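Participant: File structure23.cif follows (mmCIF, C-alpha atoms (C1' of nucleotides)):
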```
data_input
loop_
_atom_site.label_atom_id
_atom_site.label_comp_id
_atom_site.auth_asym_id
_atom_site.auth_seq_id
_atom_site.Cartn_x
_atom_site.Cartn_y
_atom_site.Cartn_z
CA MET V 1 29.80 76.77 -106.96
CA ARG V 2 27.73 79.08 -109.08
CA SER V 3 25.21 76.31 -109.43
CA ALA V 4 25.09 75.87 -105.66
CA VAL V 5 24.13 79.51 -105.27
CA HIS V 6 21.65 79.27 -108.11
CA ASP V 7 20.00 76.21 -106.62
CA LEU V 8 19.71 77.70 -103.17
CA LEU V 9 18.39 81.01 -104.46
CA GLY V 10 15.71 79.15 -106.33
CA GLU V 11 14.89 76.88 -103.42
CA VAL V 12 14.90 79.18 -100.41
CA GLY V 13 15.49 82.76 -101.59
CA TYR V 14 18.25 85.16 -100.70
CA GLN V 15 17.82 85.44 -96.95
CA ARG V 16 17.82 81.71 -96.25
CA CYS V 17 20.53 81.08 -98.80
CA THR V 18 23.16 81.07 -96.06
CA VAL V 19 26.90 80.90 -96.58
CA ASP V 20 27.03 77.63 -94.66
CA ALA V 21 24.43 76.17 -96.98
CA ILE V 22 26.32 77.36 -100.06
CA ALA V 23 29.55 75.85 -98.77
CA ALA V 24 27.88 72.55 -97.90
CA ARG V 25 26.09 72.36 -101.23
CA ALA V 26 29.24 73.14 -103.15
CA GLY V 27 31.32 70.75 -101.04
CA VAL V 28 33.83 73.41 -100.03
CA GLY V 29 34.77 75.12 -96.79
CA LYS V 30 33.50 78.53 -95.88
CA ALA V 31 37.07 79.76 -95.67
CA ALA V 32 37.58 79.00 -99.33
CA LEU V 33 34.58 81.14 -100.19
CA TYR V 34 35.78 84.03 -98.11
CA ARG V 35 39.22 83.72 -99.68
CA ARG V 36 37.77 84.56 -103.05
CA TRP V 37 34.86 86.84 -102.12
CA LYS V 38 34.74 89.55 -99.54
CA SER V 39 31.19 88.96 -98.34
CA LYS V 40 28.05 86.96 -98.96
CA ALA V 41 26.71 89.78 -101.09
CA GLU V 42 29.79 89.76 -103.33
CA LEU V 43 29.58 86.00 -103.62
CA VAL V 44 25.95 85.92 -104.64
CA PHE V 45 26.46 88.90 -106.90
CA ALA V 46 29.28 87.15 -108.71
CA ALA V 47 27.14 84.05 -109.15
CA VAL V 48 24.14 85.95 -110.44
CA VAL V 49 25.61 88.75 -112.53
CA HIS V 50 27.78 86.68 -114.80
CA ASP V 51 29.24 88.20 -117.91
CA ASP V 52 26.39 87.29 -120.20
CA ALA V 53 23.80 88.52 -117.72
CA LEU V 54 22.80 91.33 -120.05
CA PRO V 55 22.47 90.08 -123.62
CA ALA V 56 23.44 92.59 -126.28
CA PRO V 57 20.29 93.80 -127.98
CA ALA V 58 20.29 93.38 -131.73
CA ASP V 59 19.96 96.16 -134.27
CA THR V 60 16.41 95.73 -135.54
CA GLY V 61 16.52 98.55 -138.05
CA THR V 62 14.10 100.82 -136.25
CA LEU V 63 14.17 102.64 -132.94
CA ARG V 64 10.82 101.16 -132.09
CA GLY V 65 12.19 97.67 -132.54
CA ASP V 66 15.40 98.48 -130.71
CA VAL V 67 13.49 99.74 -127.69
CA ALA V 68 11.54 96.51 -127.57
CA GLU V 69 14.81 94.62 -127.87
CA VAL V 70 16.42 96.53 -125.01
CA LEU V 71 13.35 96.01 -122.84
CA ALA V 72 13.49 92.29 -123.54
CA ALA V 73 17.20 92.23 -122.65
CA ILE V 74 16.56 94.04 -119.39
CA GLN V 75 13.68 91.73 -118.62
CA SER V 76 15.77 88.65 -119.22
CA ALA V 77 18.44 90.06 -116.91
CA LEU V 78 15.97 90.96 -114.17
CA ASP V 79 13.43 88.18 -114.45
CA GLY V 80 15.38 84.96 -114.08
CA PRO V 81 14.12 83.08 -111.03
CA ARG V 82 17.57 83.46 -109.46
CA VAL V 83 17.89 87.18 -110.02
CA ARG V 84 14.32 87.75 -109.04
CA SER V 85 14.83 86.29 -105.60
CA ALA V 86 18.31 87.72 -105.14
CA LEU V 87 17.89 91.29 -106.32
CA PRO V 88 16.10 92.86 -103.36
CA GLY V 89 18.54 91.33 -100.91
CA LEU V 90 21.51 92.40 -102.96
CA LEU V 91 20.24 95.96 -103.23
CA ALA V 92 19.76 96.09 -99.49
CA ASP V 93 23.20 94.67 -98.71
CA ALA V 94 24.78 96.97 -101.27
CA GLN V 95 23.77 99.94 -99.17
CA ALA V 96 26.54 99.06 -96.75
CA ASP V 97 29.03 97.98 -99.41
CA PRO V 98 30.16 100.73 -101.79
CA ALA V 99 32.43 98.30 -103.60
CA LEU V 100 29.43 96.23 -104.56
CA VAL V 101 27.59 99.28 -105.81
CA ALA V 102 30.60 100.13 -107.94
CA ARG V 103 30.77 96.64 -109.44
CA PHE V 104 27.06 96.65 -110.15
CA GLY V 105 27.55 99.96 -111.89
CA GLU V 106 30.42 98.66 -113.99
CA LEU V 107 29.11 95.23 -114.84
CA PHE V 108 25.48 96.05 -115.41
CA LEU V 109 24.58 99.73 -115.56
CA ALA V 110 27.57 100.84 -117.62
CA ARG V 111 27.10 98.05 -120.12
CA GLU V 112 23.42 98.78 -120.34
CA ARG V 113 24.20 102.41 -120.94
CA GLU V 114 26.57 101.48 -123.73
CA TYR V 115 23.82 99.59 -125.45
CA LEU V 116 21.50 102.56 -125.03
CA VAL V 117 24.05 104.92 -126.56
CA GLU V 118 24.51 102.59 -129.52
CA MET V 119 20.77 102.36 -129.95
CA LEU V 120 20.37 106.13 -129.85
CA ASP V 121 23.30 106.70 -132.20
CA ARG V 122 21.75 104.36 -134.73
CA ALA V 123 18.43 106.18 -134.41
CA ILE V 124 20.14 109.51 -135.01
CA ALA V 125 21.96 108.10 -138.04
CA ARG V 126 18.63 106.92 -139.42
CA GLY V 127 17.10 110.33 -138.83
CA GLU V 128 14.65 109.01 -136.26
CA LEU V 129 16.08 111.34 -133.63
CA ALA V 130 17.41 114.87 -134.07
CA ARG V 131 19.83 114.73 -131.15
CA GLN V 132 21.01 112.64 -128.22
CA PRO V 133 18.25 112.51 -125.62
CA ASP V 134 18.97 112.87 -121.92
CA LEU V 135 20.71 109.56 -121.32
CA ILE V 136 19.88 109.34 -117.64
CA ALA V 137 16.21 109.88 -118.31
CA VAL V 138 16.16 107.21 -121.01
CA HIS V 139 18.02 104.81 -118.78
CA ALA V 140 15.72 105.48 -115.83
CA MET V 141 12.60 104.99 -117.92
CA LEU V 142 13.62 101.74 -119.59
CA LEU V 143 15.27 100.08 -116.60
CA GLY V 144 12.77 101.47 -114.12
CA SER V 145 9.70 100.38 -116.02
CA VAL V 146 10.86 96.78 -116.12
CA PHE V 147 12.09 96.83 -112.54
CA ALA V 148 8.86 98.31 -111.22
CA TRP V 149 6.78 95.84 -113.17
CA LEU V 150 8.72 92.87 -111.87
CA HIS V 151 9.74 93.90 -108.37
CA LEU V 152 7.50 96.71 -107.16
CA LEU V 153 4.08 96.07 -108.63
CA SER V 154 4.63 92.30 -108.72
CA GLU V 155 2.23 91.99 -111.58
CA PRO V 156 2.36 88.88 -113.73
CA VAL V 157 4.35 89.38 -116.89
CA PRO V 158 2.15 89.18 -119.95
CA PRO V 159 3.05 86.40 -122.37
CA GLY V 160 4.76 86.96 -125.68
CA GLY V 161 7.79 89.06 -124.88
CA PHE V 162 7.72 92.03 -122.61
CA ALA V 163 4.60 94.08 -122.92
CA ALA V 164 4.40 95.35 -126.45
CA SER V 165 2.43 98.34 -125.25
CA LEU V 166 5.30 99.23 -122.94
CA ALA V 167 7.71 99.17 -125.86
CA THR V 168 5.42 101.31 -127.99
CA SER V 169 4.93 103.97 -125.41
CA LEU V 170 8.54 104.09 -124.29
CA HIS V 171 9.54 104.45 -127.91
CA ALA V 172 7.36 107.54 -128.04
CA ALA V 173 8.97 108.79 -124.84
CA VAL V 174 12.44 108.46 -126.31
CA VAL V 175 11.38 110.18 -129.52
CA VAL V 176 10.14 113.17 -127.57
CA LEU V 177 13.42 113.37 -125.67
CA GLY V 178 15.40 113.35 -128.90
CA LYS V 179 13.37 115.99 -130.66
CA MET W 180 8.74 106.45 -81.34
CA ARG W 181 8.40 107.36 -84.97
CA SER W 182 11.07 109.99 -84.43
CA ALA W 183 13.39 107.39 -82.90
CA VAL W 184 13.13 105.31 -86.06
CA HIS W 185 13.54 108.38 -88.26
CA ASP W 186 16.63 109.50 -86.39
CA LEU W 187 18.28 106.10 -86.53
CA LEU W 188 17.47 105.59 -90.21
CA GLY W 189 19.11 108.90 -90.94
CA GLU W 190 22.10 108.23 -88.74
CA VAL W 191 22.98 104.61 -89.45
CA GLY W 192 20.70 103.30 -92.19
CA TYR W 193 18.28 100.39 -92.12
CA GLN W 194 20.61 97.51 -91.31
CA ARG W 195 22.21 99.12 -88.27
CA CYS W 196 18.93 100.60 -87.12
CA THR W 197 18.46 97.73 -84.70
CA VAL W 198 15.39 97.06 -82.63
CA ASP W 199 17.46 97.42 -79.47
CA ALA W 200 18.63 100.83 -80.62
CA ILE W 201 15.07 101.91 -81.45
CA ALA W 202 13.84 100.80 -78.04
CA ALA W 203 16.70 102.52 -76.24
CA ARG W 204 16.28 105.73 -78.24
CA ALA W 205 12.54 105.77 -77.63
CA GLY W 206 12.94 104.91 -73.95
CA VAL W 207 10.72 101.85 -74.14
CA GLY W 208 11.25 98.13 -73.81
CA LYS W 209 11.56 95.86 -76.80
CA ALA W 210 8.55 93.90 -75.61
CA ALA W 211 6.40 96.99 -75.94
CA LEU W 212 7.47 97.37 -79.57
CA TYR W 213 6.69 93.76 -80.35
CA ARG W 214 3.33 94.12 -78.65
CA ARG W 215 2.31 96.65 -81.26
CA TRP W 216 4.26 95.50 -84.33
CA LYS W 217 4.86 92.01 -85.59
CA SER W 218 8.45 92.52 -86.78
CA LYS W 219 11.17 95.08 -87.29
CA ALA W 220 10.09 95.50 -90.89
CA GLU W 221 6.50 96.28 -89.88
CA LEU W 222 7.74 98.72 -87.28
CA VAL W 223 9.97 100.64 -89.64
CA PHE W 224 7.34 100.49 -92.35
CA ALA W 225 4.76 102.02 -90.04
CA ALA W 226 7.17 104.77 -89.09
CA VAL W 227 8.11 105.59 -92.68
CA VAL W 228 4.91 105.10 -94.66
CA HIS W 229 2.63 107.36 -92.70
CA ASP W 230 -0.73 108.35 -94.10
CA ASP W 231 0.44 111.46 -95.88
CA ALA W 232 3.41 109.68 -97.44
CA LEU W 233 1.96 110.08 -100.91
CA PRO W 234 0.59 113.58 -101.42
CA ALA W 235 -2.45 113.83 -103.68
CA PRO W 236 -1.37 115.36 -106.97
CA ALA W 237 -3.36 118.43 -107.98
CA ASP W 238 -5.43 118.80 -111.15
CA THR W 239 -3.29 121.09 -113.27
CA GLY W 240 -5.69 121.28 -116.19
CA THR W 241 -3.52 119.33 -118.62
CA LEU W 242 -2.28 115.77 -118.78
CA ARG W 243 1.24 117.04 -119.26
CA GLY W 244 1.02 119.01 -116.03
CA ASP W 245 -0.66 116.18 -114.19
CA VAL W 246 2.10 113.76 -115.14
CA ALA W 247 4.69 116.16 -113.78
CA GLU W 248 2.60 116.50 -110.65
CA VAL W 249 2.38 112.74 -110.15
CA LEU W 250 6.11 112.37 -110.73
CA ALA W 251 6.76 115.02 -108.12
CA ALA W 252 4.46 113.25 -105.67
CA ILE W 253 6.22 109.94 -106.22
CA GLN W 254 9.58 111.59 -105.86
CA SER W 255 8.62 113.21 -102.58
CA ALA W 256 7.44 109.83 -101.32
CA LEU W 257 10.60 108.02 -102.43
CA ASP W 258 13.26 110.65 -101.86
CA GLY W 259 12.99 111.58 -98.21
CA PRO W 260 16.28 110.76 -96.47
CA ARG W 261 14.43 108.27 -94.24
CA VAL W 262 12.66 106.46 -97.04
CA ARG W 263 15.75 106.50 -99.15
CA SER W 264 17.75 104.59 -96.57
CA ALA W 265 14.89 102.34 -95.52
CA LEU W 266 13.40 101.30 -98.84
CA PRO W 267 15.92 98.69 -100.04
CA GLY W 268 15.95 96.99 -96.66
CA LEU W 269 12.17 97.00 -96.46
CA LEU W 270 11.83 95.54 -99.94
CA ALA W 271 14.26 92.77 -99.03
CA ASP W 272 12.52 91.95 -95.75
CA ALA W 273 9.14 92.08 -97.45
CA GLN W 274 10.12 89.07 -99.55
CA ALA W 275 9.64 86.90 -96.49
CA ASP W 276 6.62 88.78 -95.17
CA PRO W 277 3.52 88.63 -97.38
CA ALA W 278 1.58 90.71 -94.88
CA LEU W 279 4.01 93.56 -95.38
CA VAL W 280 3.73 93.27 -99.13
CA ALA W 281 -0.04 93.49 -98.78
CA ARG W 282 0.14 96.60 -96.60
CA PHE W 283 2.57 98.25 -98.98
CA GLY W 284 0.17 97.48 -101.79
CA GLU W 285 -2.79 98.94 -99.92
CA LEU W 286 -1.16 101.99 -98.42
CA PHE W 287 1.04 103.04 -101.31
CA LEU W 288 0.46 101.27 -104.60
CA ALA W 289 -3.33 101.23 -104.45
CA ARG W 290 -3.49 104.89 -103.52
CA GLU W 291 -1.05 105.76 -106.25
CA ARG W 292 -3.12 103.83 -108.73
CA GLU W 293 -6.22 105.74 -107.66
CA TYR W 294 -4.47 108.99 -108.43
CA LEU W 295 -3.42 107.65 -111.81
CA VAL W 296 -6.96 106.62 -112.67
CA GLU W 297 -8.24 110.06 -111.71
CA MET W 298 -5.55 111.67 -113.81
CA LEU W 299 -6.38 109.51 -116.81
CA ASP W 300 -10.13 110.02 -116.42
CA ARG W 301 -9.62 113.77 -116.43
CA ALA W 302 -7.47 113.48 -119.55
CA ILE W 303 -10.17 111.46 -121.28
CA ALA W 304 -12.82 113.99 -120.27
CA ARG W 305 -10.66 116.74 -121.78
CA GLY W 306 -10.25 114.76 -124.96
CA GLU W 307 -6.50 114.37 -124.46
CA LEU W 308 -6.85 110.59 -124.48
CA ALA W 309 -9.22 108.44 -126.50
CA ARG W 310 -9.39 105.60 -124.02
CA GLN W 311 -7.98 104.25 -120.74
CA PRO W 312 -4.36 103.24 -121.29
CA ASP W 313 -2.94 100.05 -119.83
CA LEU W 314 -2.90 101.02 -116.18
CA ILE W 315 -0.15 98.65 -115.19
CA ALA W 316 2.12 99.98 -117.90
CA VAL W 317 1.48 103.58 -116.89
CA HIS W 318 2.06 102.73 -113.26
CA ALA W 319 5.27 100.85 -114.02
CA MET W 320 6.64 103.67 -116.14
CA LEU W 321 5.93 106.50 -113.73
CA LEU W 322 6.88 104.73 -110.51
CA GLY W 323 9.75 102.84 -112.09
CA SER W 324 11.37 105.86 -113.68
CA VAL W 325 11.55 107.68 -110.37
CA PHE W 326 12.62 104.58 -108.46
CA ALA W 327 15.35 103.75 -110.93
CA TRP W 328 16.61 107.29 -110.94
CA LEU W 329 16.80 107.46 -107.17
CA HIS W 330 17.65 103.91 -106.13
CA LEU W 331 19.18 102.08 -109.07
CA LEU W 332 21.18 104.64 -111.04
CA SER W 333 21.87 106.76 -107.93
CA GLU W 334 22.19 109.81 -110.09
CA PRO W 335 21.86 113.21 -108.43
CA VAL W 336 18.38 114.65 -108.76
CA PRO W 337 18.38 117.73 -110.95
CA PRO W 338 17.22 120.89 -109.18
CA GLY W 339 13.85 122.50 -109.77
CA GLY W 340 11.35 119.71 -109.39
CA PHE W 341 11.74 116.29 -110.84
CA ALA W 342 13.33 116.29 -114.27
CA ALA W 343 11.13 118.25 -116.58
CA SER W 344 12.35 116.20 -119.50
CA LEU W 345 11.18 113.04 -117.75
CA ALA W 346 7.72 114.53 -117.35
CA THR W 347 7.60 115.59 -120.99
CA SER W 348 8.58 112.25 -122.36
CA LEU W 349 6.43 110.21 -120.01
CA HIS W 350 3.52 112.39 -121.01
CA ALA W 351 4.14 111.36 -124.58
CA ALA W 352 4.33 107.73 -123.49
CA VAL W 353 0.95 107.93 -121.78
CA VAL W 354 -0.59 109.66 -124.80
CA VAL W 355 0.52 106.84 -127.05
CA LEU W 356 -0.98 104.27 -124.68
CA GLY W 357 -4.31 106.07 -124.69
CA LYS W 358 -4.55 106.48 -128.43
"C1'" DG C 359 60.87 62.16 -101.28
"C1'" DA C 360 60.61 66.63 -98.55
"C1'" DT C 361 58.42 70.87 -98.18
"C1'" DA C 362 55.03 74.30 -98.81
"C1'" DT C 363 50.58 75.59 -100.13
"C1'" DA C 364 45.67 75.24 -100.22
"C1'" DC C 365 41.73 73.07 -98.84
"C1'" DG C 366 37.60 70.82 -96.26
"C1'" DG C 367 35.73 70.72 -92.04
"C1'" DA C 368 34.44 72.40 -87.89
"C1'" DA C 369 34.76 75.15 -83.81
"C1'" DC C 370 34.35 79.80 -82.42
"C1'" DT C 371 32.88 84.94 -82.06
"C1'" DA C 372 29.84 88.71 -82.61
"C1'" DT C 373 25.55 90.66 -83.96
"C1'" DC C 374 20.78 90.93 -84.17
"C1'" DG C 375 15.75 89.64 -84.38
"C1'" DG C 376 12.55 87.93 -81.37
"C1'" DT C 377 10.90 85.82 -76.70
"C1'" DC C 378 10.60 85.48 -71.81
"C1'" DT C 379 11.00 86.87 -66.97
"C1'" DC C 380 11.12 90.06 -63.26
"C1'" DG C 381 10.53 93.91 -60.36
"C1'" DT C 382 8.14 98.17 -60.18
"C1'" DA C 383 4.99 101.74 -60.94
"C1'" DA C 384 0.67 103.17 -62.24
"C1'" DA C 385 -4.36 102.44 -62.48
"C1'" DC C 386 -8.37 100.49 -60.94
"C1'" DT C 387 -11.48 98.61 -57.10
"C1'" DG C 388 -13.75 98.21 -52.88
"C1'" DC H 389 -6.70 104.31 -47.96
"C1'" DA H 390 -5.27 99.58 -48.92
"C1'" DG H 391 -5.18 95.62 -51.94
"C1'" DT H 392 -5.14 93.90 -56.52
"C1'" DT H 393 -4.35 93.89 -61.18
"C1'" DT H 394 -2.32 95.43 -65.22
"C1'" DA H 395 1.22 97.34 -68.19
"C1'" DC H 396 5.68 98.65 -68.72
"C1'" DG H 397 11.02 99.28 -68.76
"C1'" DA H 398 14.90 96.70 -68.39
"C1'" DG H 399 17.59 93.17 -69.41
"C1'" DA H 400 18.63 88.21 -69.64
"C1'" DC H 401 18.17 84.77 -72.90
"C1'" DC H 402 17.80 81.95 -77.46
"C1'" DG H 403 18.53 80.86 -82.31
"C1'" DA H 404 20.21 82.03 -86.64
"C1'" DT H 405 23.76 83.66 -89.43
"C1'" DA H 406 27.92 86.39 -91.24
"C1'" DG H 407 32.59 86.15 -90.80
"C1'" DT H 408 37.28 84.26 -88.58
"C1'" DT H 409 40.48 80.94 -86.96
"C1'" DC H 410 42.53 76.59 -86.45
"C1'" DC H 411 43.79 71.91 -87.60
"C1'" DG H 412 44.70 67.77 -90.05
"C1'" DT H 413 45.23 66.27 -94.68
"C1'" DA H 414 45.82 66.08 -99.43
"C1'" DT H 415 47.86 68.00 -103.36
"C1'" DA H 416 51.17 70.34 -105.87
"C1'" DT H 417 55.92 71.94 -106.23
"C1'" DC H 418 60.86 71.51 -106.07
#
```
For this file, write the structure as C-alpha cells.
Facilitator:
Amino acid sequence: MRSAVHDLLGEVGYQRCTVDAIAARAGVGKAALYRRWKSKAELVFAAVVHDDALPAPADTGTLRGDVAEVLAAIQSALDGPRVRSALPGLLADAQADPALVARFGELFLAREREYLVEMLDRAIARGELARQPDLIAVHAMLLGSVFAWLHLLSEPVPPGGFAASLATSLHAAVVVLGK
Amino acid sequence: MRSAVHDLLGEVGYQRCTVDAIAARAGVGKAALYRRWKSKAELVFAAVVHDDALPAPADTGTLRGDVAEVLAAIQSALDGPRVRSALPGLLADAQADPALVARFGELFLAREREYLVEMLDRAIARGELARQPDLIAVHAMLLGSVFAWLHLLSEPVPPGGFAASLATSLHAAVVVLGK
DNA sequence: GATATACGGAACTATCGGTCTCGTAAACTG
DNA sequence: CAGTTTACGAGACCGATAGTTCCGTATATC
C-alpha cells in the first residue's frame, strides 16, 4: 500500500500517480482506499509523512552543531525522492482541504517546532543564548531555507551533508535573535 | 483578461479558477486563450507574474537596511492575495512543465538574484563584507524565510513591514557568509 | 453450517484541461 | 460597394481522473 504509493511517486510523480494506479499496484479496490482515506491527497500524505518522517535531531553539545543537525533532519524529510515529487502537489491540494493542512501542522510542523524549542532551551541552558528567540522567525528561516533550496531554486544539493555554510550562517541568525 | 484571472483567483482559488470560467468572465472563447498561451498554468502565470511583480529594492546605505528592503520586496511579490492563492497550484503544475519552470526562473529568480548581487556588491564596497557570500545560500535564506512564513507555516504576518527581527537576523547570517 | 461483513473489481458520474467545428462579424481587397 | 479572407465567440466534443455505487465472492463470526 504505502510501497505502491512510493513506487508510483518515484516513477511518474504526483499528478500521474492516479488513484486507479495506486489501487491496481496495491491489488486492492478503489473503494477500500476511500474507506480509509478521505481523498487522494490524504492517502498520499499518509504514505509519505509517516511517523519517522522527521528524525529527532541529536544534542550535539553546541548550538552551531544543533542547527546543522536540524537542517539535516529537515533536508532528509524534504529531500527523499518520494517527498520531493509529492510535496508541491500536496501543498496545492491542501489549499482546498483544511483537514490536511491541520494534519500537516500536527504531524510535521508541530513536531519540528518541538525540536526547535528543545534546541533553543539547551542553548539557553549553556549560555549560548540570553533568551528565547522569536520561534516563528527561527522556524521560517530553517525550514524555508531548505525548502527554497530544494523546491524553489532547484539547485543541486552540495555533497557532504546540507550546506555547511548554510548551517554556519543560520546559527549566527539564531544567535542574533536570542541576544 | 488579466483582471478576469485576478478576480477568479481571489474568489475561488487556483483549482476552481477553470479555463472555462476565465473565458466566460473575460468574454472570449477558450480557443482564443489557447492561441496565446500554451496551458492554464502559463495563462495564470502570465497574469500573476507581471513585469513589476518584484519591485527593485532601494539602496538604503547599509546592508542591514538593504536586507530588510529585499525581504519587503519578496514579501510584496509573494503575499498579494492573487499570488498567495495561485502559487501552490502553479508550483505543482510547473513540475510537469519545464518551460514554465524556465520562465519562472528568468522572470523572478534571476531578477531577484540580480538584486541580491547588487546588494552584496554595495556591501563589499562599503566594507561591510569581505567577500561575495555563497549566493545560493543567501538566496535560499531570504526567499525561503518569506515563503515558509507565508505558505508553509501560514502564520499571520506581523504589522509594520516584514518582521524586523527576521531582517536583523538574516543580516547577521549574510555577514557571516561574507566573512 | 448460516449469516454478516468486507473486499476486489468494475461500471458509472462529474469535472476540467485541451481540441475542434461552425456561424458570424469585422477587416481587407479590388 | 461587393466579394473574400481572417479572426473570433460560442459551444460541442474528447480524454483523463477523482470519487461513488454496485455486485459477486471470500472471509470471518456466531
Participant: Quick one: which residues end up in the PyMOL selection byres ((chain V) within 8 of (chain C)) for this structure, as an NGL selection string?
Facilitator: :V and (27-29 or 32)
Participant: Around all the atoms of region 407-417 of chain H listed in the file, with 6 Å of room on each side, what axis-aligned box do you get, giving centre and edge lengths in Å to one decimal, as AutoDock Vina command-line options?
Facilitator:
```
--center_x 44.3 --center_y 76.1 --center_z -96.3 --size_x 35.3 --size_y 32.1 --size_z 31.8
```
Participant: With all atoms listed in the file as the atoms that count, which of V:Leu177, V:Ala96, V:Val48, V:Leu166 lies nearest to Pro81 (chain V)?
Facilitator: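 For Pro81 (chain V), the nearest of the candidates is V:Val48.
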Participant: Hey, can you pull every residue with an atom no more than 12 Å from (1.3, 105.8, -104.3), using only C-alpha atoms (C1' of nucleotides), and send it as JSON, numbers by chain?
Facilitator: {"V": [152, 153], "W": [228, 229, 230, 231, 232, 233, 234, 235, 236, 249, 250, 251, 252, 253, 254, 255, 256, 257, 283, 284, 285, 286, 287, 288, 289, 290, 291, 292, 293, 294, 295, 296, 318, 319, 321, 322, 323]}
Participant: May I have a table of the residues of chain V lying at most 9 Å from chain H, giving each one's closest pair of atoms and their distance in Å to one decimal, counting only C-alpha atoms (C1' of nucleotides), ordered by chain and ascending residue number, as a tab-separated table?
Facilitator:
```
residue	atom	partner	partner_atom	distance
V:Thr18	CA	H:DT405	C1'	7.1
V:Val19	CA	H:DA406	C1'	7.7
V:Asp20	CA	H:DT405	C1'	8.6
V:Ala31	CA	H:DT408	C1'	8.4
V:Tyr34	CA	H:DG407	C1'	8.3
V:Ser39	CA	H:DG407	C1'	8.2
V:Lys40	CA	H:DA406	C1'	7.7
```
Participant: Quick one: write out the picked residues with C-alpha atoms as a short mmCIF file (atom, residue, chain, number, x, y, z; two decimals), keeping the file's coordinate frame?
Facilitator:
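That gives us part-v4.cif:
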```cif
data_model
loop_
_atom_site.label_atom_id
_atom_site.label_comp_id
_atom_site.auth_asym_id
_atom_site.auth_seq_id
_atom_site.Cartn_x
_atom_site.Cartn_y
_atom_site.Cartn_z
CA THR V 18 23.16 81.07 -96.06
CA VAL V 19 26.90 80.90 -96.58
CA ASP V 20 27.03 77.63 -94.66
CA ALA V 31 37.07 79.76 -95.67
CA TYR V 34 35.78 84.03 -98.11
CA SER V 39 31.19 88.96 -98.34
CA LYS V 40 28.05 86.96 -98.96
#
```
Participant: One number please: CA of Asp272 (chain W) to CA of Leu314 (chain W), in Å, one decimal.
Facilitator: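 Spanning CA of Asp272 (chain W) to CA of Leu314 (chain W) is a straight-line distance of 27.2 Å.
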Participant: Give me, as a ChimeraX atom specification, the contact residues of chain W against chain V at a cut-off of 10 Å, counting only C-alpha atoms.
Facilitator: /W:191-195,264-275,280,283-284,288-289,312-313,315-334,342-357
Participant: Do you know which residues are at most 12 Å from Arg204 (chain W) counting all atoms listed in the file, after dropping those on the same chain fewer than 6 positions away, and could you put them as a list in words?
Facilitator: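 Using all atoms listed in the file, the neighbours found are Met180, Arg181, Ser182, Ala183, Val184, His185, Asp186, Leu187, Cys196, Thr197 and Val198 of chain W.
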